[in-house]
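Trainee: My questions will all concern the structure given below.
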Amino acid sequence: MHKMTKLTLAILINAALLSTAYASEQSESKGFVEDSKTSILFRNGWIYRDRSAGRYDLSSWGQTINAQYDSGFTQGTVGFGVGAVGSFAFKIGDNKHSGNQMIAHHNDGTPYDQWARGGANVKARISNTTAIYGTQILDLPVMSSNESRLTPEYFTGTLVKSNEIDNLSLIYGHFTKDQYSDQVSTDGNHLKRADVWGAQYKFNDALNASYFGAQFKDALQRHYLNVNYKYPVASDASLTLDFTGYHTKYEKDIYGDLSFPTGEANTEKKNNIWATSATYSQGAHTGMLAYQQSTGNVGYDYNLAGDGGGSITVPNSYLSDYNGNGEKSVQAMYSLNFGTLGIPGLTWTTAYVYGWDINVQNVTDNGKEHELFNQVKYTIQNGWAKNASFKVRNSTYRASDSYNGYLGNTNEWRLFIEYPLNF
C-alpha cells in the first residue's frame, strides 16, 4: 500500500515538472463552467426469468432517472473541479418476486415503491494527470460498476489517471465503499478496502495491451491481462484477435463456512480464467469464434466483496459467464447492422455458447451448460427522440442437473427503453 502511494505521488510530481514543457489537457482548459457537462438518462427496464424446478419466476419492472454532472477544471497550473452522480427510481407494478438485482428491497424483502441514491466528488488536474475523490462509476476490468440494471453501481474512493507518456495510461485507485445497483445503503456490499492499479499501452493503431491488478482486504487478489490486435483485411473488413486472462486468489474465509458454488469451504482458492477470440467484420456483418477455459480449485467468482458486478470482460458472458471450476466453453456469434440495408439504427446479435467439464464439489466433474442468446436494438436517428433506444434481449439457458445450483434452466427476457439528454 505504501509503495503504491509513493508511486502515485511520483506520478503527480513528474506531471508537475512536465506541465510547463508541452501542451497538456490542463493547459487547454477553458474553465470550470465552460467545460462543464450534464447528462440525464431516462431508463425503463424489465427483466423476466422463467425458471424451472419449482422455483419462483422472477419479474422486475421499473423506471429510473440517472443524472451525471461534471464541471470543467479551473485554469492554471493546477485545475480544480467537482462532479455528481445520482438516481431516482420507482417500481412499476407489484414486483412481488422481483429479484434480478433491479429493484431495491427493504430488510423484510418487500420492494421499495421508490428510492433515490447518489453522491458527489471533487477533482484536480495537473498536466495530463487527474485525481478524483468521491462517488464514482468505475470501468476497470478488475473493479467495474454493474450498469446493466436500472441504476449503476457506485464506488466511493480515489482514482488517479495519468497520461504523461504518449500512448501510455497509468491508473491507481483506493476505494472504501461499494453501493450495488439495487442497494440504498452507500456501502451495501461492505467493501473493507480496495487498491487497484493498471497500465494500458497502445503500440500502434493495430496493437493494444493492458494489465490491471487489485487487492481487496480480507477477500481476494486479482490480476488481469489483455492483448488485442486488429488487422485490416480490406477497406471495409478487419480481423481482430483478442486474448484476455484473469488470475485470482481468494482468502479462505471469504465465504465463512459456506462453500463456493464449485469449491470447498474454508480453504484458500485460486482461479485462472482465460479466453481467446477471433472476430471478423465486413460491412454490416460481424462474426466471432471464442474459446474460454477456467482452471484452479474454484470457479471465477466476482461481486463477492465489493469488487463490482461488471468485473468480468471475457467473451463468453451473457446470462451465464461460463466461469465454473474447470469449465471449458466455446462460442459462435453473429451480428448484423441493418444500416447498410436501409434501416439505420437497427442491429441484431445472436450467439450460442456451450460449456462442459464443470467440477461441482462432491457431485461431478462433468457438469454442462449451454445458452442461445438473441438481442435486437433500435436507436432513433432523427427528430425530437433522436438517440432514444429500444433493446430486447432473450437467453434460453439450460444446465445439467449436477450444475443446477448456479442458474438452473432459465428463459430470460430483458426489455430496456432509454432516452439520453446531454447538456
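Just remember, in the C-alpha cells the first chain shown is A, the second B, etc., residues are 1-based per chain, and ligands are 1-based in the order shown.
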Show me, as a list of chain:residue names, the residues that have an atom within 12 Å of Gly109 of chain A when counting only C-alpha atoms, minus same-chain residues fewer than 3 positions from it.

Mentor: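 Near Gly109 of chain A, the qualifying residues are A:Asn95, A:Lys96, A:His97, A:Ser98, A:Gly99, A:Ile103, A:Ala104, A:His105, A:His106, A:Tyr112.
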
Trainee: Taking 2 positions as the minimum chain separation for residues in the same chain, which residues sit within 7 Å of Thr347 of chain A when counting only C-alpha atoms? Answer as an mmCIF file with N, CA, C and O atoms, in the first residue's frame.

Mentor:
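Result written to out_23.cif:
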data_model
loop_
_atom_site.group_PDB
_atom_site.id
_atom_site.type_symbol
_atom_site.label_atom_id
_atom_site.label_comp_id
_atom_site.auth_asym_id
_atom_site.auth_seq_id
_atom_site.Cartn_x
_atom_site.Cartn_y
_atom_site.Cartn_z
ATOM 1 N N LEU A 336 -25.583 -8.386 -37.120
ATOM 2 C CA LEU A 336 -25.933 -7.736 -38.375
ATOM 3 C C LEU A 336 -26.373 -6.306 -38.109
ATOM 4 O O LEU A 336 -27.263 -6.058 -37.284
ATOM 5 N N ASN A 337 -25.731 -5.360 -38.782
ATOM 6 C CA ASN A 337 -26.102 -3.950 -38.722
ATOM 7 C C ASN A 337 -26.963 -3.643 -39.945
ATOM 8 O O ASN A 337 -26.490 -3.686 -41.083
ATOM 9 N N PHE A 338 -28.236 -3.322 -39.714
ATOM 10 C CA PHE A 338 -29.172 -3.123 -40.816
ATOM 11 C C PHE A 338 -29.013 -1.761 -41.486
ATOM 12 O O PHE A 338 -29.737 -1.459 -42.431
ATOM 13 N N GLY A 345 -29.670 2.324 -37.522
ATOM 14 C CA GLY A 345 -30.017 2.277 -36.105
ATOM 15 C C GLY A 345 -30.475 0.922 -35.617
ATOM 16 O O GLY A 345 -30.601 0.712 -34.406
ATOM 17 N N THR A 349 -28.060 -9.307 -32.854
ATOM 18 C CA THR A 349 -26.935 -10.154 -32.452
ATOM 19 C C THR A 349 -27.468 -11.490 -31.953
ATOM 20 O O THR A 349 -28.411 -11.528 -31.150
ATOM 21 N N VAL A 376 -32.033 -7.645 -30.134
ATOM 22 C CA VAL A 376 -32.373 -6.680 -31.168
ATOM 23 C C VAL A 376 -32.404 -5.304 -30.524
ATOM 24 O O VAL A 376 -33.022 -5.116 -29.470
ATOM 25 N N LYS A 377 -31.727 -4.346 -31.159
ATOM 26 C CA LYS A 377 -31.690 -2.989 -30.629
ATOM 27 C C LYS A 377 -31.931 -2.000 -31.755
ATOM 28 O O LYS A 377 -31.377 -2.141 -32.850
ATOM 29 N N TYR A 378 -32.775 -0.998 -31.450
ATOM 30 C CA TYR A 378 -33.030 0.058 -32.435
ATOM 31 C C TYR A 378 -32.831 1.417 -31.775
ATOM 32 O O TYR A 378 -33.366 1.682 -30.690
#

Trainee: If we count only C-alpha atoms, what is near Ala209 of chain A at a cut-off of 8 Å, once residues fewer than 3 positions away on the same chain are taken out, given as a ChimeraX atom specification?

Mentor: /A:200-203,225-228

Trainee: What is the atom CA of Ile380 of chain A to atom CA of Gly283 of chain A distance in Å?

Mentor: 20.7 Å

Trainee: Need the shell around segment 294-302 of chain A: protein/DNA/RNA residues with any atom at most 10 Å away, counting only C-alpha atoms. Skip same-chain ones fewer than 5 positions apart. Format as JSON, numbers by chain?

Mentor: {"A": [142, 143, 220, 245, 246, 247, 248, 249, 250, 260, 261, 262, 263, 264, 267, 268, 269, 270, 271, 272, 273, 274, 275, 307, 308, 309, 310, 311, 312, 321, 322, 323, 324, 325, 326, 327, 328, 329, 357, 358, 359, 360, 361]}

Trainee: Using only C-alpha atoms, can you tell me which of A:Ala84, A:Val33, A:Val184, A:Ala332 comes closest to Asn121 of chain A?

Mentor: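 The answer is A:Ala84, which sits nearest to Asn121 of chain A.
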